[in-house]
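Okay, target.pdb is below, PDB, N, CA and C atoms:
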ATOM      1  N   MET S 135    -116.430-147.913  70.926
ATOM      2  CA  MET S 135    -116.295-148.984  71.882
ATOM      3  C   MET S 135    -117.501-149.009  72.827
ATOM      4  N   LYS S 136    -117.945-147.826  73.257
ATOM      5  CA  LYS S 136    -119.075-147.765  74.179
ATOM      6  C   LYS S 136    -120.315-148.392  73.560
ATOM      7  N   SER S 137    -120.532-148.167  72.279
ATOM      8  CA  SER S 137    -121.714-148.741  71.635
ATOM      9  C   SER S 137    -121.634-150.267  71.586
ATOM     10  N   SER S 138    -120.425-150.820  71.453
ATOM     11  CA  SER S 138    -120.267-152.281  71.482
ATOM     12  C   SER S 138    -120.628-152.835  72.852
ATOM     13  N   LEU S 139    -120.175-152.168  73.900
ATOM     14  CA  LEU S 139    -120.489-152.609  75.265
ATOM     15  C   LEU S 139    -121.981-152.471  75.568
ATOM     16  N   ASP S 140    -122.578-151.376  75.098
ATOM     17  CA  ASP S 140    -124.016-151.179  75.299
ATOM     18  C   ASP S 140    -124.820-152.268  74.586
ATOM     19  N   ALA S 141    -124.422-152.601  73.357
ATOM     20  CA  ALA S 141    -125.118-153.634  72.593
ATOM     21  C   ALA S 141    -124.985-154.997  73.267
ATOM     22  N   ALA S 142    -123.801-155.302  73.789
ATOM     23  CA  ALA S 142    -123.589-156.575  74.488
ATOM     24  C   ALA S 142    -124.484-156.650  75.729
ATOM     25  N   ARG S 143    -124.568-155.556  76.456
ATOM     26  CA  ARG S 143    -125.404-155.538  77.667
ATOM     27  C   ARG S 143    -126.883-155.688  77.314
ATOM     28  N   GLU S 144    -127.343-155.000  76.281
ATOM     29  CA  GLU S 144    -128.740-155.105  75.867
ATOM     30  C   GLU S 144    -129.083-156.539  75.468
ATOM     31  N   LYS S 145    -128.186-157.180  74.741
ATOM     32  CA  LYS S 145    -128.414-158.560  74.318
ATOM     33  C   LYS S 145    -128.452-159.483  75.535
ATOM     34  N   ALA S 146    -127.522-159.300  76.470
ATOM     35  CA  ALA S 146    -127.483-160.124  77.673
ATOM     36  C   ALA S 146    -128.740-159.914  78.526
ATOM     37  N   GLU S 147    -129.203-158.667  78.633
ATOM     38  CA  GLU S 147    -130.421-158.379  79.404
ATOM     39  C   GLU S 147    -131.638-159.041  78.770
ATOM     40  N   PHE S 148    -131.700-159.036  77.447
ATOM     41  CA  PHE S 148    -132.805-159.669  76.728
ATOM     42  C   PHE S 148    -132.825-161.171  76.987
ATOM     43  N   ILE S 149    -131.666-161.804  76.861
ATOM     44  CA  ILE S 149    -131.567-163.246  77.089
ATOM     45  C   ILE S 149    -131.885-163.575  78.546
ATOM     46  N   ALA S 150    -131.337-162.799  79.477
ATOM     47  CA  ALA S 150    -131.575-163.031  80.899
ATOM     48  C   ALA S 150    -133.059-162.905  81.234
ATOM     49  N   ALA S 151    -133.724-161.885  80.699
ATOM     50  CA  ALA S 151    -135.145-161.676  80.974
ATOM     51  C   ALA S 151    -135.975-162.864  80.495
ATOM     52  N   ASN S 152    -135.613-163.427  79.349
ATOM     53  CA  ASN S 152    -136.343-164.590  78.835
ATOM     54  C   ASN S 152    -136.159-165.815  79.712
ATOM     55  N   GLU S 153    -135.092-165.856  80.484
ATOM     56  CA  GLU S 153    -134.812-166.990  81.370
ATOM     57  C   GLU S 153    -135.180-166.690  82.824
ATOM     58  N   GLY S 154    -135.745-165.509  83.081
ATOM     59  CA  GLY S 154    -136.127-165.133  84.437
ATOM     60  C   GLY S 154    -134.936-164.750  85.306
ATOM     61  N   LEU S 155    -133.859-164.271  84.678
ATOM     62  CA  LEU S 155    -132.645-163.898  85.396
ATOM     63  C   LEU S 155    -132.396-162.402  85.274
ATOM     64  N   VAL S 156    -131.483-161.901  86.074
ATOM     65  CA  VAL S 156    -131.023-160.512  85.967
ATOM     66  C   VAL S 156    -129.500-160.511  85.949
ATOM     67  N   ILE S 157    -128.931-159.488  85.331
ATOM     68  CA  ILE S 157    -127.473-159.344  85.281
ATOM     69  C   ILE S 157    -126.991-158.768  86.606
ATOM     70  N   VAL S 158    -125.981-159.393  87.181
ATOM     71  CA  VAL S 158    -125.383-158.880  88.408
ATOM     72  C   VAL S 158    -124.238-157.934  88.065
ATOM     73  N   LYS S 159    -123.296-158.415  87.249
ATOM     74  CA  LYS S 159    -122.152-157.589  86.869
ATOM     75  C   LYS S 159    -121.401-158.266  85.723
ATOM     76  N   PRO S 160    -120.617-157.489  84.966
ATOM     77  CA  PRO S 160    -119.748-158.115  83.963
ATOM     78  C   PRO S 160    -118.568-158.790  84.662
ATOM     79  N   VAL S 161    -118.219-159.976  84.197
ATOM     80  CA  VAL S 161    -117.122-160.732  84.789
ATOM     81  C   VAL S 161    -115.861-160.604  83.950
ATOM     82  N   GLU S 162    -116.029-160.560  82.637
ATOM     83  CA  GLU S 162    -114.871-160.492  81.737
ATOM     84  C   GLU S 162    -115.257-159.729  80.476
ATOM     85  N   ILE S 163    -114.377-158.863  80.024
ATOM     86  CA  ILE S 163    -114.574-158.125  78.766
ATOM     87  C   ILE S 163    -113.334-158.339  77.913
ATOM     88  N   VAL S 164    -113.549-158.852  76.702
ATOM     89  CA  VAL S 164    -112.452-159.087  75.768
ATOM     90  C   VAL S 164    -112.724-158.303  74.493
ATOM     91  N   GLU S 165    -111.789-157.437  74.129
ATOM     92  CA  GLU S 165    -111.932-156.667  72.892
ATOM     93  C   GLU S 165    -111.432-157.525  71.736
ATOM     94  N   ASN S 166    -112.303-157.750  70.750
ATOM     95  CA  ASN S 166    -111.971-158.583  69.599
ATOM     96  C   ASN S 166    -111.532-157.781  68.383
ATOM     97  N   SER S 167    -111.684-156.474  68.431
ATOM     98  CA  SER S 167    -111.333-155.636  67.291
ATOM     99  C   SER S 167    -109.896-155.145  67.432
ATOM    100  N   PRO S 168    -109.319-154.657  66.348
ATOM    101  CA  PRO S 168    -107.944-154.143  66.425
ATOM    102  C   PRO S 168    -107.828-153.018  67.446
ATOM    103  N   GLY S 169    -106.691-152.949  68.114
ATOM    104  CA  GLY S 169    -106.481-151.948  69.146
ATOM    105  C   GLY S 169    -106.080-150.596  68.586
ATOM    106  N   TYR S 170    -105.995-149.631  69.475
ATOM    107  CA  TYR S 170    -105.618-148.278  69.079
ATOM    108  C   TYR S 170    -104.156-148.198  68.654
ATOM    109  N   ASN S 171    -103.328-149.116  69.084
ATOM    110  CA  ASN S 171    -101.910-149.064  68.759
ATOM    111  C   ASN S 171    -101.577-149.627  67.392
ATOM    112  N   ASP S 172    -102.551-150.212  66.716
ATOM    113  CA  ASP S 172    -102.301-150.704  65.372
ATOM    114  C   ASP S 172    -102.042-149.524  64.442
ATOM    115  N   GLY S 173    -101.284-149.769  63.410
ATOM    116  CA  GLY S 173    -100.991-148.705  62.453
ATOM    117  C   GLY S 173    -102.243-148.204  61.781
ATOM    118  N   ALA S 174    -102.259-146.941  61.466
ATOM    119  CA  ALA S 174    -103.426-146.356  60.812
ATOM    120  C   ALA S 174    -103.549-146.905  59.398
ATOM    121  N   MET S 175    -104.757-147.245  59.015
ATOM    122  CA  MET S 175    -105.012-147.734  57.666
ATOM    123  C   MET S 175    -105.907-146.725  56.962
ATOM    124  N   PHE S 176    -105.539-146.361  55.784
ATOM    125  CA  PHE S 176    -106.302-145.371  55.038
ATOM    126  C   PHE S 176    -106.800-145.944  53.719
ATOM    127  N   SER S 177    -107.135-147.220  53.698
ATOM    128  CA  SER S 177    -107.561-147.841  52.451
ATOM    129  C   SER S 177    -108.905-147.308  51.973
ATOM    130  N   ASN S 178    -109.697-146.734  52.858
ATOM    131  CA  ASN S 178    -110.999-146.222  52.441
ATOM    132  C   ASN S 178    -111.002-144.700  52.302
ATOM    133  N   VAL S 179    -109.843-144.098  52.139
ATOM    134  CA  VAL S 179    -109.742-142.650  51.972
ATOM    135  C   VAL S 179    -109.217-142.360  50.569
ATOM    136  N   ALA S 180    -109.891-141.493  49.868
ATOM    137  CA  ALA S 180    -109.453-141.103  48.532
ATOM    138  C   ALA S 180    -108.796-139.728  48.616
ATOM    139  N   TYR S 181    -107.588-139.606  48.096
ATOM    140  CA  TYR S 181    -106.871-138.334  48.150
ATOM    141  C   TYR S 181    -106.913-137.564  46.839
ATOM    142  N   GLY S 182    -107.241-138.202  45.756
ATOM    143  CA  GLY S 182    -107.212-137.519  44.467
ATOM    144  C   GLY S 182    -108.600-137.097  44.026
ATOM    145  N   GLY S 183    -108.657-136.288  42.977
ATOM    146  CA  GLY S 183    -109.925-135.911  42.365
ATOM    147  C   GLY S 183    -110.764-134.973  43.202
ATOM    148  N   GLY S 184    -110.220-133.885  43.632
ATOM    149  CA  GLY S 184    -111.003-132.923  44.401
ATOM    150  C   GLY S 184    -110.137-132.250  45.434
ATOM    151  N   SER S 185    -110.707-131.269  46.065
ATOM    152  CA  SER S 185    -109.951-130.581  47.096
ATOM    153  C   SER S 185    -110.763-130.581  48.380
ATOM    154  N   GLY S 186    -110.082-130.526  49.471
ATOM    155  CA  GLY S 186    -110.756-130.484  50.760
ATOM    156  C   GLY S 186    -111.575-131.738  51.000
ATOM    157  N   MET S 187    -112.765-131.575  51.539
ATOM    158  CA  MET S 187    -113.617-132.705  51.891
ATOM    159  C   MET S 187    -114.170-133.419  50.667
ATOM    160  N   ASP S 188    -114.118-132.786  49.485
ATOM    161  CA  ASP S 188    -114.584-133.444  48.269
ATOM    162  C   ASP S 188    -113.739-134.667  47.951
ATOM    163  N   GLY S 189    -112.479-134.642  48.356
ATOM    164  CA  GLY S 189    -111.583-135.742  48.058
ATOM    165  C   GLY S 189    -111.521-136.793  49.156
ATOM    166  N   MET S 190    -112.328-136.658  50.177
ATOM    167  CA  MET S 190    -112.283-137.592  51.297
ATOM    168  C   MET S 190    -113.581-138.394  51.360
ATOM    169  N   ARG S 191    -113.452-139.615  51.853
ATOM    170  CA  ARG S 191    -114.623-140.431  52.120
ATOM    171  C   ARG S 191    -114.676-140.726  53.610
ATOM    172  N   ARG S 192    -115.796-141.209  54.046
ATOM    173  CA  ARG S 192    -116.014-141.494  55.464
ATOM    174  C   ARG S 192    -115.168-142.684  55.919
ATOM    175  N   ILE S 193    -114.562-142.556  57.088
ATOM    176  CA  ILE S 193    -113.801-143.642  57.702
ATOM    177  C   ILE S 193    -114.669-144.251  58.798
ATOM    178  N   VAL S 194    -114.833-145.549  58.764
ATOM    179  CA  VAL S 194    -115.668-146.241  59.732
ATOM    180  C   VAL S 194    -114.793-147.170  60.570
ATOM    181  N   ARG S 195    -114.906-147.059  61.886
ATOM    182  CA  ARG S 195    -114.196-147.968  62.793
ATOM    183  C   ARG S 195    -115.228-148.884  63.401
ATOM    184  N   ARG S 196    -114.956-150.166  63.375
ATOM    185  CA  ARG S 196    -115.869-151.143  63.944
ATOM    186  C   ARG S 196    -115.210-151.785  65.153
ATOM    187  N   TYR S 197    -115.989-151.958  66.198
ATOM    188  CA  TYR S 197    -115.495-152.564  67.422
ATOM    189  C   TYR S 197    -116.307-153.819  67.718
ATOM    190  N   SER S 198    -115.640-154.797  68.265
ATOM    191  CA  SER S 198    -116.296-156.037  68.650
ATOM    192  C   SER S 198    -115.776-156.438  70.031
ATOM    193  N   VAL S 199    -116.699-156.793  70.908
ATOM    194  CA  VAL S 199    -116.314-157.225  72.246
ATOM    195  C   VAL S 199    -117.064-158.505  72.605
ATOM    196  N   THR S 200    -116.435-159.297  73.447
ATOM    197  CA  THR S 200    -117.080-160.452  74.059
ATOM    198  C   THR S 200    -117.150-160.160  75.546
ATOM    199  N   VAL S 201    -118.356-160.215  76.092
ATOM    200  CA  VAL S 201    -118.547-159.896  77.502
ATOM    201  C   VAL S 201    -119.217-161.082  78.188
ATOM    202  N   LYS S 202    -118.648-161.505  79.316
ATOM    203  CA  LYS S 202    -119.260-162.546  80.140
ATOM    204  C   LYS S 202    -119.845-161.871  81.372
ATOM    205  N   TYR S 203    -121.115-162.193  81.658
ATOM    206  CA  TYR S 203    -121.814-161.594  82.787
ATOM    207  C   TYR S 203    -122.112-162.631  83.855
ATOM    208  N   GLN S 204    -122.206-162.161  85.088
ATOM    209  CA  GLN S 204    -122.690-162.986  86.186
ATOM    210  C   GLN S 204    -124.186-162.723  86.289
ATOM    211  N   PHE S 205    -124.974-163.773  86.366
ATOM    212  CA  PHE S 205    -126.434-163.657  86.436
ATOM    213  C   PHE S 205    -126.928-164.106  87.810
ATOM    214  N   SER S 206    -128.117-163.655  88.150
ATOM    215  CA  SER S 206    -128.780-164.065  89.386
ATOM    216  C   SER S 206    -130.249-164.318  89.068
ATOM    217  N   ASP S 207    -130.865-165.199  89.820
ATOM    218  CA  ASP S 207    -132.285-165.460  89.587
ATOM    219  C   ASP S 207    -133.180-164.555  90.422
ATOM    220  N   LYS S 208    -132.601-163.683  91.224
ATOM    221  CA  LYS S 208    -133.383-162.768  92.057
ATOM    222  C   LYS S 208    -132.947-161.332  91.797
ATOM    223  N   LYS S 209    -133.888-160.418  91.817
ATOM    224  CA  LYS S 209    -133.545-159.007  91.730
ATOM    225  C   LYS S 209    -133.132-158.532  93.098
ATOM    226  N   SER S 210    -131.988-157.827  93.166
ATOM    227  CA  SER S 210    -131.511-157.364  94.480
ATOM    228  C   SER S 210    -131.815-155.921  94.723
TER     229      SER S 210
END
What would the structure in this file look like if it were written as structure tokens?
Amino acid sequence: MKSSLDAAREKAEFIAANEGLVIVKPVEIVENSPGYNDGAMFSNVAYGGGSGMDGMRRIVRRYSVTVKYQFSDKKS
């Protein structure tokens, strides 16, 4: 989740800099990815054909956020 927020901020800073603006603060953060309370899904895990870690594959969780920022035209 932190990497999603960092990426959103970097993108907003890039856009703001091109417009001569600076970010004041985040106004709204909306998580677009499934929450922690959703049931666990193991569709990308293999249990057969090996023992221990040989029978497992990597599980990847992806997060997506929408962040709205307040901008200012002056650095404070």
### Pairwise distance for CA of Phe148 in chain S and CA of Glu162 in chain S, rounded to one decimal in Å
18.6 Å
### Message
Using Å and a single decimal, report how far CA of Tyr203 in chain S sits from CA of Ile149 in chain S.
### Response
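That distance, rounded to one decimal, is 11.4 Å.
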With the file shown as input, list the residues that the PyMOL selection byres ((chain S and resi 205) around 8) selects, as a PDB file with N, CA and C atoms, keeping the file's coordinate frame.
ATOM      1  N   ALA S 150    -131.337-162.799  79.477  1.00  0.00           N
ATOM      2  CA  ALA S 150    -131.575-163.031  80.899  1.00  0.00           C
ATOM      3  C   ALA S 150    -133.059-162.905  81.234  1.00  0.00           C
ATOM      4  N   LEU S 155    -133.859-164.271  84.678  1.00  0.00           N
ATOM      5  CA  LEU S 155    -132.645-163.898  85.396  1.00  0.00           C
ATOM      6  C   LEU S 155    -132.396-162.402  85.274  1.00  0.00           C
ATOM      7  N   VAL S 156    -131.483-161.901  86.074  1.00  0.00           N
ATOM      8  CA  VAL S 156    -131.023-160.512  85.967  1.00  0.00           C
ATOM      9  C   VAL S 156    -129.500-160.511  85.949  1.00  0.00           C
ATOM     10  N   ILE S 157    -128.931-159.488  85.331  1.00  0.00           N
ATOM     11  CA  ILE S 157    -127.473-159.344  85.281  1.00  0.00           C
ATOM     12  C   ILE S 157    -126.991-158.768  86.606  1.00  0.00           C
ATOM     13  N   VAL S 158    -125.981-159.393  87.181  1.00  0.00           N
ATOM     14  CA  VAL S 158    -125.383-158.880  88.408  1.00  0.00           C
ATOM     15  C   VAL S 158    -124.238-157.934  88.065  1.00  0.00           C
ATOM     16  N   LYS S 159    -123.296-158.415  87.249  1.00  0.00           N
ATOM     17  CA  LYS S 159    -122.152-157.589  86.869  1.00  0.00           C
ATOM     18  C   LYS S 159    -121.401-158.266  85.723  1.00  0.00           C
ATOM     19  N   PRO S 160    -120.617-157.489  84.966  1.00  0.00           N
ATOM     20  CA  PRO S 160    -119.748-158.115  83.963  1.00  0.00           C
ATOM     21  C   PRO S 160    -118.568-158.790  84.662  1.00  0.00           C
ATOM     22  N   LYS S 202    -118.648-161.505  79.316  1.00  0.00           N
ATOM     23  CA  LYS S 202    -119.260-162.546  80.140  1.00  0.00           C
ATOM     24  C   LYS S 202    -119.845-161.871  81.372  1.00  0.00           C
ATOM     25  N   TYR S 203    -121.115-162.193  81.658  1.00  0.00           N
ATOM     26  CA  TYR S 203    -121.814-161.594  82.787  1.00  0.00           C
ATOM     27  C   TYR S 203    -122.112-162.631  83.855  1.00  0.00           C
ATOM     28  N   GLN S 204    -122.206-162.161  85.088  1.00  0.00           N
ATOM     29  CA  GLN S 204    -122.690-162.986  86.186  1.00  0.00           C
ATOM     30  C   GLN S 204    -124.186-162.723  86.289  1.00  0.00           C
ATOM     31  N   SER S 206    -128.117-163.655  88.150  1.00  0.00           N
ATOM     32  CA  SER S 206    -128.780-164.065  89.386  1.00  0.00           C
ATOM     33  C   SER S 206    -130.249-164.318  89.068  1.00  0.00           C
ATOM     34  N   ASP S 207    -130.865-165.199  89.820  1.00  0.00           N
ATOM     35  CA  ASP S 207    -132.285-165.460  89.587  1.00  0.00           C
ATOM     36  C   ASP S 207    -133.180-164.555  90.422  1.00  0.00           C
ATOM     37  N   LYS S 208    -132.601-163.683  91.224  1.00  0.00           N
ATOM     38  CA  LYS S 208    -133.383-162.768  92.057  1.00  0.00           C
ATOM     39  C   LYS S 208    -132.947-161.332  91.797  1.00  0.00           C
TER      40      LYS S 208
END
### Message
I'd like the interatomic distance between CA of Arg191 in chain S and CA of Glu165 in chain S, to a tenth of an Å.
### Response
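So the two atoms, CA of Arg191 in chain S and CA of Glu165 in chain S, lie 26.5 Å apart.
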### Query
Which residues match the PyMOL selection byres (((chain S and resi 167 and name CA) around 6) and name CA) in the file above, as a list in words?
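This file gives the following for the PyMOL selection byres (((chain S and resi 167 and name CA) around 6) and name CA): Glu165, Asn166, Pro168, Tyr197 and Ser198 of chain S.
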#### Entry: Among listed residues S:Ala146, S:Asp140, S:Val199, S:Ile193, nearest Ile163 in chain S (using only C-alpha atoms)
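The closest residue to Ile163 in chain S is S:Val199.
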#### Entry: Counting only C-alpha atoms, the option among S:Ala151, S:Ala141, S:Val164, S:Met135 closest to Val201 in chain S
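Looking at the shortest contact to Val201 in chain S, the residue is S:Val164.
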Using the file's own x, y and z axes, so that the box edges lie along x, y and z, what centre and edge lengths in Å (one decimal) does a box around every listed atom of range 192-208 of chain S get when 4 Å is added on each side? Give it as JSON.
{"center_x": -123.6, "center_y": -153.3, "center_z": 73.1, "size_x": 27.6, "size_y": 32.3, "size_z": 46.0}
